[in-house]
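Data block for entry10.cif (mmCIF, C-alpha atoms):
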data_entry
#
loop_
_atom_site.label_atom_id
_atom_site.label_comp_id
_atom_site.auth_asym_id
_atom_site.auth_seq_id
_atom_site.Cartn_x
_atom_site.Cartn_y
_atom_site.Cartn_z
CA MET A 1 -82.46 4.56 61.48
CA ILE A 2 -79.82 2.76 59.35
CA GLU A 3 -77.65 4.68 56.95
CA SER A 4 -75.85 3.31 53.94
CA PHE A 5 -72.58 1.38 54.22
CA ASP A 6 -70.68 4.23 52.54
CA SER A 7 -71.97 6.58 55.21
CA MET A 8 -70.77 4.22 57.90
CA ARG A 9 -67.31 4.03 56.35
CA ARG A 10 -67.17 7.82 56.14
CA LEU A 11 -68.01 8.10 59.80
CA ALA A 12 -65.32 5.57 60.76
CA VAL A 13 -62.69 7.53 58.88
CA ILE A 14 -63.86 10.78 60.48
CA GLY A 15 -63.51 9.17 63.89
CA VAL A 16 -59.91 8.19 63.30
CA GLY A 17 -59.15 11.62 61.89
CA VAL A 18 -60.34 13.20 65.12
CA LEU A 19 -58.23 10.71 67.05
CA ALA A 20 -55.13 11.75 65.13
CA LEU A 21 -55.77 15.47 65.65
CA ALA A 22 -56.71 15.18 69.31
CA GLY A 23 -53.66 13.08 70.17
CA CYS A 24 -55.91 10.52 71.87
CA SER A 25 -57.02 13.09 74.43
CA PHE A 26 -60.66 12.45 73.47
CA SER A 27 -61.43 16.10 74.19
CA SER A 28 -63.41 16.62 71.01
CA ASP A 29 -67.22 16.30 71.07
CA SER A 30 -67.41 15.55 67.36
CA LEU A 31 -69.47 12.58 66.27
CA TRP A 32 -67.61 9.26 66.66
CA PRO A 33 -68.42 6.32 64.41
CA SER A 34 -71.39 4.09 65.07
CA LEU A 35 -71.23 1.16 62.71
CA THR A 36 -74.99 0.57 62.68
CA GLY A 37 -75.37 4.02 61.16
CA GLU A 38 -77.48 5.37 63.99
CA ALA A 39 -78.41 9.00 63.37
CA PRO A 40 -76.73 11.57 65.65
CA SER A 41 -78.76 13.31 68.28
CA ALA A 42 -80.58 16.45 67.22
CA ASP A 43 -78.46 18.76 69.34
CA ALA A 44 -75.14 17.40 68.11
CA PRO A 45 -73.30 19.68 65.66
CA PRO A 46 -72.69 18.23 62.18
CA ALA A 47 -69.36 16.48 61.92
CA ALA A 48 -66.86 18.11 59.60
CA SER A 49 -64.68 16.03 57.34
CA VAL A 50 -61.08 15.81 58.48
CA ALA A 51 -58.36 15.49 55.84
CA ILE A 52 -56.07 12.53 56.53
CA GLN A 53 -52.62 12.64 54.99
CA PRO A 54 -51.80 9.69 52.69
CA SER A 55 -49.55 6.97 54.02
CA ALA A 56 -45.98 6.50 52.80
CA GLY A 57 -47.10 3.66 50.54
CA GLU A 58 -49.88 5.76 49.05
CA ARG A 59 -47.45 8.63 48.40
CA ALA A 60 -45.15 6.13 46.66
CA GLY A 61 -48.00 5.12 44.40
CA SER A 62 -48.19 1.53 45.68
CA PRO A 63 -50.42 1.47 48.76
CA LEU A 64 -51.55 -2.11 48.25
CA VAL A 65 -48.73 -4.07 46.72
CA GLY A 66 -45.16 -3.12 47.57
CA GLY A 67 -43.64 -5.67 45.22
CA PRO A 68 -40.83 -8.10 45.99
CA PRO A 69 -37.53 -6.69 47.28
CA PRO A 70 -34.66 -6.54 44.78
CA LEU A 71 -32.31 -9.49 44.65
CA GLY A 72 -28.56 -9.20 44.38
CA ASN A 73 -27.16 -9.14 40.85
CA THR A 74 -23.50 -9.99 41.33
CA ASN A 75 -22.11 -12.81 39.18
CA PHE A 76 -19.39 -14.43 41.30
CA GLU A 77 -16.89 -15.56 38.68
CA VAL A 78 -13.76 -17.30 39.95
CA ARG A 79 -10.34 -16.58 38.46
CA PRO A 80 -8.35 -19.83 38.07
CA PRO A 81 -5.08 -19.99 40.06
CA ALA A 82 -1.74 -19.57 38.39
CA THR A 83 0.04 -22.68 37.11
CA MET A 84 2.75 -24.04 39.43
CA GLN A 85 5.99 -25.65 38.16
CA PRO A 86 7.52 -28.66 39.95
CA THR A 87 10.77 -27.83 41.75
CA GLY A 88 11.68 -31.33 42.89
CA THR A 89 11.48 -30.44 46.57
CA PHE A 90 9.08 -31.57 49.27
CA VAL A 91 7.77 -28.01 49.59
CA GLY A 92 7.31 -27.84 45.83
CA GLU A 93 5.15 -30.95 45.95
CA LYS A 94 3.14 -29.37 48.81
CA VAL A 95 2.57 -26.27 46.67
CA ILE A 96 1.17 -28.34 43.80
CA GLN A 97 -1.06 -30.27 46.23
CA LEU A 98 -2.43 -27.05 47.75
CA ARG A 99 -3.09 -25.63 44.28
CA GLY A 100 -5.14 -28.74 43.45
CA ASP A 101 -7.19 -28.19 46.61
CA LEU A 102 -7.81 -24.60 45.53
CA VAL A 103 -8.93 -25.70 42.06
CA ARG A 104 -11.46 -28.11 43.57
CA LEU A 105 -12.71 -25.39 45.91
CA GLN A 106 -13.14 -22.98 43.00
CA ASP A 107 -15.05 -25.62 41.03
CA SER A 108 -17.46 -25.89 43.97
CA ILE A 109 -17.87 -22.10 44.07
CA ARG A 110 -18.67 -22.03 40.35
CA GLY A 111 -21.43 -24.53 41.01
CA HIS A 112 -22.77 -22.43 43.88
CA ASN A 113 -22.72 -19.32 41.71
CA GLY A 114 -24.67 -21.10 38.98
CA SER A 115 -27.23 -22.29 41.53
CA LEU A 116 -27.56 -18.77 42.92
CA GLN A 117 -28.17 -17.19 39.52
CA SER A 118 -30.75 -19.85 38.68
CA LEU A 119 -32.48 -19.40 42.06
CA ARG A 120 -32.64 -15.64 41.57
CA ALA A 121 -34.28 -16.01 38.17
CA THR A 122 -36.78 -18.56 39.51
CA THR A 123 -37.60 -16.45 42.57
CA ALA A 124 -38.14 -13.32 40.49
CA GLN A 125 -40.48 -15.18 38.12
CA ASN A 126 -42.45 -16.78 40.96
CA ALA A 127 -42.82 -13.42 42.69
CA LEU A 128 -43.98 -11.85 39.40
CA ASN A 129 -46.59 -14.59 38.94
CA TYR A 130 -47.80 -14.09 42.48
CA HIS A 131 -48.16 -10.32 42.14
CA GLN A 132 -49.99 -10.64 38.84
CA THR A 133 -52.54 -12.90 40.52
CA VAL A 134 -52.87 -10.57 43.52
CA ALA A 135 -53.24 -7.56 41.25
CA GLY A 136 -56.11 -9.29 39.45
CA ILE A 137 -57.86 -9.97 42.75
CA GLU A 138 -57.37 -6.40 43.94
CA SER A 139 -58.69 -4.99 40.69
CA ARG A 140 -61.90 -6.98 41.09
CA LEU A 141 -62.25 -5.99 44.72
CA GLN A 142 -61.51 -2.34 43.93
CA VAL A 143 -64.59 -2.01 41.75
CA GLY A 144 -66.69 -4.19 44.05
CA THR A 145 -67.90 -7.73 43.63
CA THR A 146 -70.16 -10.28 45.26
CA PRO A 147 -69.25 -11.52 48.75
CA GLY A 148 -67.34 -14.79 48.60
CA ASN A 149 -67.01 -14.67 44.80
CA PRO A 150 -65.86 -18.23 43.88
CA GLN A 151 -63.69 -16.92 41.05
CA LEU A 152 -61.77 -14.73 43.49
CA VAL A 153 -61.54 -17.63 45.92
CA ASP A 154 -59.90 -19.71 43.19
CA GLN A 155 -57.52 -16.86 42.39
CA TRP A 156 -56.71 -16.48 46.08
CA ASN A 157 -55.89 -20.19 46.31
CA SER A 158 -53.65 -19.80 43.27
CA ALA A 159 -51.90 -16.82 44.87
CA GLN A 160 -51.33 -18.84 48.02
CA ARG A 161 -49.72 -21.65 46.03
CA GLN A 162 -47.52 -19.15 44.20
CA LEU A 163 -46.43 -17.61 47.48
CA GLU A 164 -45.54 -21.08 48.73
CA GLN A 165 -43.30 -21.40 45.68
CA VAL A 166 -41.52 -18.23 46.82
CA ASN A 167 -41.13 -19.82 50.27
CA THR A 168 -39.65 -22.90 48.58
CA ASP A 169 -37.17 -20.64 46.79
CA ILE A 170 -36.17 -19.17 50.17
CA SER A 171 -35.65 -22.68 51.55
CA ASN A 172 -33.43 -23.48 48.57
CA MET A 173 -31.45 -20.31 49.22
CA ASN A 174 -30.95 -21.38 52.83
CA ALA A 175 -29.68 -24.78 51.70
CA LEU A 176 -27.30 -23.08 49.27
CA ALA A 177 -26.09 -20.74 52.03
CA ASN A 178 -25.25 -23.77 54.17
CA ARG A 179 -23.16 -25.25 51.37
CA VAL A 180 -21.37 -21.96 50.79
CA SER A 181 -20.68 -21.69 54.53
CA SER A 182 -18.98 -25.08 54.44
CA ASP A 183 -16.79 -23.93 51.56
CA ALA A 184 -16.04 -20.70 53.42
CA ALA A 185 -14.65 -22.71 56.33
CA LEU A 186 -12.64 -24.83 53.88
CA SER A 187 -11.22 -21.74 52.16
CA THR A 188 -10.05 -20.32 55.49
CA TYR A 189 -8.34 -23.61 56.35
CA LEU A 190 -6.71 -23.70 52.91
CA LEU A 191 -5.36 -20.16 53.30
CA GLU A 192 -3.88 -21.06 56.69
CA SER A 193 -2.27 -24.16 55.15
CA VAL A 194 -0.65 -22.10 52.39
CA ARG A 195 0.76 -19.65 54.93
CA ALA A 196 1.99 -22.48 57.13
CA ALA A 197 3.91 -23.94 54.18
CA TYR A 198 6.37 -21.03 54.41
CA GLY A 199 7.71 -22.60 57.62
CA LEU A 200 8.52 -25.96 56.07
CA SER A 201 12.25 -26.72 55.74
CA GLY A 202 13.94 -27.83 52.56
CA ALA A 203 12.46 -25.16 50.27
CA VAL A 204 14.20 -23.28 47.47
CA GLU A 205 13.51 -19.67 46.47
CA ALA A 206 11.19 -20.79 43.65
CA ASP A 207 8.97 -22.62 46.19
CA HIS A 208 8.43 -19.44 48.22
CA GLU A 209 7.78 -17.42 45.07
CA GLN A 210 5.08 -19.88 44.00
CA LEU A 211 3.68 -19.94 47.56
CA ALA A 212 3.29 -16.14 47.41
CA VAL A 213 1.33 -16.41 44.14
CA LEU A 214 -0.80 -19.25 45.54
CA GLU A 215 -1.48 -17.28 48.73
CA ASP A 216 -2.73 -14.34 46.67
CA ASP A 217 -5.00 -16.59 44.57
CA THR A 218 -6.35 -18.29 47.69
CA ASN A 219 -6.94 -15.00 49.45
CA GLN A 220 -8.94 -13.70 46.46
CA THR A 221 -11.07 -16.83 46.57
CA VAL A 222 -11.70 -16.35 50.30
CA VAL A 223 -12.85 -12.78 49.67
CA LEU A 224 -15.11 -13.91 46.80
CA ILE A 225 -16.73 -16.60 48.97
CA ASP A 226 -17.31 -14.07 51.74
CA ARG A 227 -19.02 -11.69 49.29
CA LEU A 228 -21.13 -14.54 47.91
CA LEU A 229 -22.26 -15.57 51.39
CA THR A 230 -23.01 -11.98 52.43
CA GLU A 231 -25.10 -11.23 49.35
CA LEU A 232 -26.92 -14.56 49.62
CA SER A 233 -27.71 -13.88 53.30
CA ASP A 234 -29.09 -10.45 52.39
CA ASP A 235 -31.32 -12.02 49.73
CA ILE A 236 -32.64 -14.55 52.24
CA ARG A 237 -33.32 -11.90 54.88
CA ARG A 238 -35.19 -9.59 52.51
CA GLN A 239 -37.15 -12.37 50.85
CA SER A 240 -38.15 -13.91 54.19
CA SER A 241 -39.47 -10.58 55.46
CA TYR A 242 -41.28 -10.00 52.17
CA ALA A 243 -42.91 -13.45 52.20
CA ALA A 244 -44.06 -12.99 55.80
CA ASN A 245 -45.67 -9.64 54.96
CA GLU A 246 -47.36 -11.08 51.89
CA ARG A 247 -48.70 -13.97 53.94
CA ASN A 248 -50.31 -11.46 56.30
CA ASP A 249 -51.73 -9.53 53.34
CA LEU A 250 -53.19 -12.71 51.88
CA ASN A 251 -54.99 -13.41 55.16
CA THR A 252 -56.46 -9.91 55.07
CA MET A 253 -57.39 -10.34 51.41
CA ALA A 254 -59.35 -13.49 52.35
CA VAL A 255 -61.51 -11.30 54.63
CA ALA A 256 -61.91 -8.78 51.80
CA ILE A 257 -63.04 -11.52 49.40
CA LYS A 258 -65.52 -12.74 51.99
CA ASN A 259 -66.99 -9.21 52.12
CA GLY A 260 -66.66 -8.53 48.40
CA GLU A 261 -64.64 -5.30 48.66
CA LEU A 262 -61.04 -4.24 49.00
CA PHE A 263 -59.54 -3.67 52.45
CA GLY A 264 -55.82 -3.05 51.97
CA THR A 265 -52.60 -4.45 53.37
CA SER A 266 -52.49 -6.49 56.54
CA LEU A 267 -52.62 -4.59 59.82
CA ALA A 268 -49.60 -6.66 60.88
CA ASN A 269 -47.55 -4.77 58.28
CA ARG A 270 -48.65 -1.44 59.77
CA SER A 271 -48.07 -2.19 63.46
CA PHE A 272 -44.72 -1.99 65.15
CA GLY A 273 -43.28 -1.87 68.64
CA GLY A 274 -43.74 -4.15 71.63
CA THR A 275 -46.81 -5.10 73.55
CA SER A 276 -47.57 -4.50 77.17
CA PRO A 277 -47.84 -7.47 79.56
CA GLN A 278 -51.49 -6.67 80.10
CA ALA A 279 -52.25 -6.83 76.39
CA SER A 280 -50.36 -10.08 76.00
CA MET A 281 -52.18 -11.74 78.87
CA ALA A 282 -55.52 -10.49 77.62
CA GLY A 283 -54.81 -11.63 74.09
CA GLY A 284 -58.31 -12.80 73.33
CA ALA A 285 -59.37 -15.71 75.52
CA SER A 286 -60.60 -14.09 78.73
CA PHE A 287 -62.54 -11.03 79.81
CA PRO A 288 -60.78 -9.21 82.68
CA ALA A 289 -62.52 -6.79 84.99
CA PRO A 290 -63.59 -3.52 83.32
CA ALA A 291 -61.57 -1.45 85.77
CA SER A 292 -58.34 -2.86 84.35
CA MET A 293 -59.12 -1.31 80.96
CA GLY A 294 -59.23 2.29 82.24
CA THR A 295 -61.97 3.50 79.87
CA ALA A 296 -63.34 6.18 82.20
CA GLY A 297 -63.32 9.53 80.42
CA ARG A 298 -62.15 8.01 77.13
CA ARG A 299 -63.95 8.10 73.81
CA PRO A 300 -64.04 4.90 71.77
CA LEU A 301 -62.37 4.73 68.39
CA VAL A 302 -65.20 2.57 67.06
CA VAL A 303 -68.62 1.53 68.39
CA ILE A 304 -70.27 -1.48 66.75
CA ARG A 305 -73.94 -1.82 67.70
CA PHE A 306 -75.24 -5.34 67.18
CA ASP A 307 -78.89 -4.27 67.13
CA ARG A 308 -79.77 -6.33 64.04
CA PRO A 309 -78.53 -9.49 62.30
CA GLY A 310 -75.63 -9.34 59.86
CA VAL A 311 -74.03 -6.04 60.90
CA GLU A 312 -71.41 -5.24 58.23
CA TYR A 313 -68.64 -3.81 60.35
CA GLU A 314 -65.37 -5.19 58.94
CA GLN A 315 -64.58 -2.58 56.27
CA PRO A 316 -65.07 0.51 58.49
CA LEU A 317 -63.35 -1.33 61.37
CA TYR A 318 -60.33 -2.04 59.18
CA SER A 319 -60.17 1.58 58.00
CA ALA A 320 -60.39 2.95 61.54
CA VAL A 321 -57.72 0.63 62.96
CA ARG A 322 -55.44 1.18 59.96
CA ARG A 323 -55.57 4.95 60.38
CA ALA A 324 -54.97 4.61 64.11
CA LEU A 325 -51.85 2.52 63.44
CA GLU A 326 -50.58 5.06 60.93
CA THR A 327 -50.82 7.69 63.66
CA ARG A 328 -49.66 5.49 66.55
CA PRO A 329 -47.82 2.39 65.26
CA GLU A 330 -47.32 1.06 68.80
CA ALA A 331 -51.03 1.32 69.72
CA ILE A 332 -52.86 -1.35 71.70
CA PHE A 333 -56.60 -1.82 71.24
CA ASP A 334 -59.08 -2.50 74.04
CA VAL A 335 -62.07 -4.44 72.71
CA ILE A 336 -64.90 -4.20 75.25
CA ALA A 337 -68.13 -6.19 75.15
CA VAL A 338 -70.85 -3.82 76.36
CA SER A 339 -74.34 -5.03 77.32
CA PRO A 340 -77.32 -2.88 78.39
CA GLN A 341 -78.59 -2.81 81.97
CA SER A 342 -82.14 -3.76 82.90
CA ALA A 343 -84.10 -4.80 85.97
CA ASN A 344 -84.36 -8.35 84.66
CA GLN A 345 -81.30 -10.26 85.92
CA GLY A 346 -81.88 -13.16 83.54
CA ARG A 347 -82.01 -10.80 80.60
CA ASN A 348 -78.83 -9.11 81.79
CA ALA A 349 -76.99 -12.45 81.85
CA LEU A 350 -78.16 -13.35 78.33
CA ASP A 351 -77.15 -9.93 76.98
CA ALA A 352 -73.74 -10.16 78.67
CA ASN A 353 -73.04 -13.56 77.09
CA GLN A 354 -74.12 -12.36 73.66
CA ALA A 355 -71.99 -9.22 73.97
CA LYS A 356 -68.96 -11.37 74.80
CA ARG A 357 -69.58 -13.54 71.74
CA ASN A 358 -69.82 -10.40 69.60
CA ALA A 359 -66.53 -9.11 71.05
CA GLN A 360 -64.83 -12.43 70.29
CA THR A 361 -66.12 -12.21 66.71
CA VAL A 362 -64.63 -8.71 66.38
CA PHE A 363 -61.39 -9.98 67.91
CA ARG A 364 -61.19 -12.75 65.31
CA SER A 365 -61.86 -10.20 62.55
CA LEU A 366 -58.94 -8.11 63.78
CA GLN A 367 -56.74 -11.21 63.76
CA GLU A 368 -57.79 -12.02 60.19
CA MET A 369 -56.93 -8.46 59.22
CA GLY A 370 -53.41 -9.09 60.55
CA LEU A 371 -53.48 -7.37 63.94
CA PRO A 372 -51.32 -9.45 66.32
CA PRO A 373 -53.33 -10.97 69.21
CA GLY A 374 -50.95 -9.40 71.71
CA ARG A 375 -52.08 -5.97 70.55
CA VAL A 376 -55.70 -6.62 71.55
CA ALA A 377 -57.16 -6.80 75.08
CA LEU A 378 -60.67 -8.12 75.70
CA SER A 379 -63.01 -7.17 78.55
CA ALA A 380 -66.73 -7.00 79.25
CA GLN A 381 -68.99 -4.59 81.11
CA SER A 382 -72.57 -3.37 81.27
CA ALA A 383 -73.44 0.26 80.62
CA PRO A 384 -76.61 2.21 81.43
CA ASP A 385 -76.30 4.21 78.20
CA ALA A 386 -76.23 1.09 75.98
CA ARG A 387 -79.52 0.38 74.24
CA SER A 388 -78.32 -2.84 72.60
CA ASN A 389 -75.31 -5.13 72.70
CA GLU A 390 -72.22 -3.21 71.60
CA VAL A 391 -68.53 -3.68 71.05
CA ARG A 392 -66.48 -0.59 71.84
CA ILE A 393 -62.87 -0.33 70.73
CA TYR A 394 -60.46 2.03 72.45
CA VAL A 395 -56.89 2.97 71.59
CA ARG A 396 -54.07 3.21 74.12
#

Encoded form using structure tokens:
Amino acid sequence: MIESFDSMRRLAVIGVGVLALAGCSFSSDSLWPSLTGEAPSADAPPAASVAIQPSAGERAGSPLVGGPPPLGNTNFEVRPPATMQPTGTFVGEKVIQLRGDLVRLQDSIRGHNGSLQSLRATTAQNALNYHQTVAGIESRLQVGTTPGNPQLVDQWNSAQRQLEQVNTDISNMNALANRVSSDAALSTYLLESVRAAYGLSGAVEADHEQLAVLEDDTNQTVVLIDRLLTELSDDIRRQSSYAANERNDLNTMAVAIKNGELFGTSLANRSFGGTSPQASMAGGASFPAPASMGTAGRRPLVVIRFDRPGVEYEQPLYSAVRRALETRPEAIFDVIAVSPQSANQGRNALDANQAKRNAQTVFRSLQEMGLPPGRVALSAQSAPDARSNEVRIYVR
């Protein structure tokens, strides 16, 4: 009656393969996955394996860990301004004053550049430490381990702390960007002041010659600050996106450690596109009427039969949903609590409540795997063909 877990996982993958080939038309009569491993009916033809093309990450040779994004490598060295000679005029004194302002501004930029180079080195080392820890966890999960292995839990906690260090580095980059922005505004004001000095009366030719040199030096500093701010902003943007993805992957890895086997990257990193208003409203708390789900004539992606305690459904569920998202990144998933029908009304009510609790458990599993709540819609119904409480998952 119950097949092995490997058999269940194979069936889940077959189901998603048929989904990809049928374009969600559900016209195929091939066997769809039943996560309790129930044997197919005698008259059903044997299901053929369907080859699923590897994902882009798998083709790149890094399906699990993409690694941190590259940081900028420019060293923003400032060229000191040319020396100005006193001319004895009011404009000459203004030129020397403006040059002093430029020197102080360049000293500040040198400090910012030193902070940036130090931050880059620290961020790269923290990211390396994090990925080494994650790689160790994945290696243990890849070969299989005990559910809730305390050694892996300790490593996971260490990885979480290391990822928080990366987040701290991003916060430091943001603070540095704010300081550079202030200097950028100051450099623009200084350049305008140098150009305005041409209009002052009482200048000799030497004053205007020195103003031209000072304007060129100031303009080069403005350009350098703009490049520094642009590259720093790019680093922050890439690192922030990377840290968010890794946070999702860590949440999924926690589920994998709980089960003692490797899942993969977070479903949040595989799903794109917007959500429909219906999915957002049905994001997990309530059970709308079955008619709103439109399941008539559709075949479920996954059927989880809760006909015994401790049904191990998370690994095949993850695989099925992951493959569905690779085929349809914008997909929304309808999670339906299905209870059997009987003549006993009291029994029907108990089964319906239990089916809803099972559906909420599956919904939480999907959240832990990284699927955004707005991509999941919950509902409940009874079905004459159900022999036990089930959770059926459809793709739309």

- Task: Rank nothing, just name the residue among A:Thr146, A:Asn344, A:Asn113, A:Gln160 nearest to A:Thr133, using all atoms listed in the file.
- Result: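 Among the listed residues, A:Gln160 lies closest to A:Thr133.
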
- Task: Kindly extract all protein, DNA and RNA residues lying within 12 Å of the coordinates (-31.2, -10.3, 51.4) given in the file, considering only C-alpha atoms, and supply them as a ChimeraX atom specification.
- Result: /A:68-73,120,170,173-174,177,228-242

- Rank A:Asp249, A:Ala124, A:Ile109, A:Gly202 by their smallest atom-to-atom distance to A:Asp183, using all atoms listed in the file, and report the top residue only. A:Ile109

- Task: Taking the file as shown, find all residues satisfying the PyMOL selection byres ((chain A and resi 129) around 12) and write them as a ChimeraX atom specification.
- Result: /A:67-68,122-128,130-136,155,158-166

Export of the given selection (C-alpha atoms) as a short mmCIF file (atom, residue, chain, number, x, y, z; two decimals), in the coordinates of the input:
data_model
loop_
_atom_site.label_atom_id
_atom_site.label_comp_id
_atom_site.auth_asym_id
_atom_site.auth_seq_id
_atom_site.Cartn_x
_atom_site.Cartn_y
_atom_site.Cartn_z
CA GLY A 67 -43.64 -5.67 45.22
CA PRO A 68 -40.83 -8.10 45.99
CA THR A 122 -36.78 -18.56 39.51
CA THR A 123 -37.60 -16.45 42.57
CA ALA A 124 -38.14 -13.32 40.49
CA GLN A 125 -40.48 -15.18 38.12
CA ASN A 126 -42.45 -16.78 40.96
CA ALA A 127 -42.82 -13.42 42.69
CA LEU A 128 -43.98 -11.85 39.40
CA TYR A 130 -47.80 -14.09 42.48
CA HIS A 131 -48.16 -10.32 42.14
CA GLN A 132 -49.99 -10.64 38.84
CA THR A 133 -52.54 -12.90 40.52
CA VAL A 134 -52.87 -10.57 43.52
CA ALA A 135 -53.24 -7.56 41.25
CA GLY A 136 -56.11 -9.29 39.45
CA GLN A 155 -57.52 -16.86 42.39
CA SER A 158 -53.65 -19.80 43.27
CA ALA A 159 -51.90 -16.82 44.87
CA GLN A 160 -51.33 -18.84 48.02
CA ARG A 161 -49.72 -21.65 46.03
CA GLN A 162 -47.52 -19.15 44.20
CA LEU A 163 -46.43 -17.61 47.48
CA GLU A 164 -45.54 -21.08 48.73
CA GLN A 165 -43.30 -21.40 45.68
CA VAL A 166 -41.52 -18.23 46.82
#

Residues near A:Leu141, anyone? I mean within 10 Å using all atoms listed in the file, not counting same-chain ones fewer than 5 positions away, as a JSON list (two decimals) with C-alpha atoms, keeping the file's coordinate frame.
[["chain", "number", "residue", "atom", "x", "y", "z"],
["A", 135, "ALA", "CA", -53.24, -7.56, 41.25],
["A", 136, "GLY", "CA", -56.11, -9.29, 39.45],
["A", 146, "THR", "CA", -70.16, -10.28, 45.26],
["A", 147, "PRO", "CA", -69.25, -11.52, 48.75],
["A", 149, "ASN", "CA", -67.01, -14.67, 44.80],
["A", 152, "LEU", "CA", -61.77, -14.73, 43.49],
["A", 253, "MET", "CA", -57.39, -10.34, 51.41],
["A", 256, "ALA", "CA", -61.91, -8.78, 51.80],
["A", 257, "ILE", "CA", -63.04, -11.52, 49.40],
["A", 259, "ASN", "CA", -66.99, -9.21, 52.12],
["A", 260, "GLY", "CA", -66.66, -8.53, 48.40],
["A", 261, "GLU", "CA", -64.64, -5.30, 48.66],
["A", 262, "LEU", "CA", -61.04, -4.24, 49.00],
["A", 263, "PHE", "CA", -59.54, -3.67, 52.45]]

- Min atom-atom distance to A:Ile225 from the set A:Leu250, A:Ala355, A:Ala185, A:Ile393, counting only C-alpha atoms, belongs to A:Ala185

- Of the residues A:Thr252, A:Gln85, A:Ser382, A:Ser319, which is the one nearest to A:Glu209, using all atoms listed in the file? A:Gln85

- Query: Which neighbours of A:Thr188 fall inside 10 Å, counting all atoms listed in the file, when residues of the same chain fewer than 4 positions from it are skipped, and could you give them as a VMD selection string?
  - Reply: chain A and resid 183 to 184 192 to 193 218 to 219 221 to 223

- Would you mind reading off the distance between atom CA of A:Val103 and atom CA of A:Leu176, one decimal, in Å?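 Atom CA of A:Val103 sits 19.9 Å away from atom CA of A:Leu176.
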
- Message: Every residue with an atom at most 10 Å from (11.5, -26.9, 52.2) (file coordinates; all atoms listed in the file) is what I'm after, so could you write them as a PyMOL selection string?
- Response: chain A and resi 89-94+197-205+207-208

- Query: Distance atom CA of A:Gln381-atom CA of A:Ser339, one decimal place?
  - Reply: 6.6 Å

- Task: In Å, rounded to a single decimal, give me how far atom CA of A:Arg347 is from atom CA of A:Asp385.
- Result: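 Computing it gives 16.2 Å between the two atoms.
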
- Message: Can you pull out the residues contacting A:Gln341? Cut-off 12 Å, using all atoms listed in the file, and skip same-chain residues under 5 positions away; I want them as a ChimeraX atom specification.
- Response: /A:346-352,381-389

- Using all atoms listed in the file, pick whichever of A:Leu317, A:Val143, A:Asn157, A:Val395 has the shortest atom-to-atom distance to A:Arg299.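 The closest residue to A:Arg299 is A:Val395.
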
- Task: Return the single residue from A:Val338, A:Ser118, A:Leu366, A:Ser187 that is closest to A:Tyr313, with distances computed using all atoms listed in the file.
- Result: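 So, comparing all the options, the nearest one is A:Leu366.
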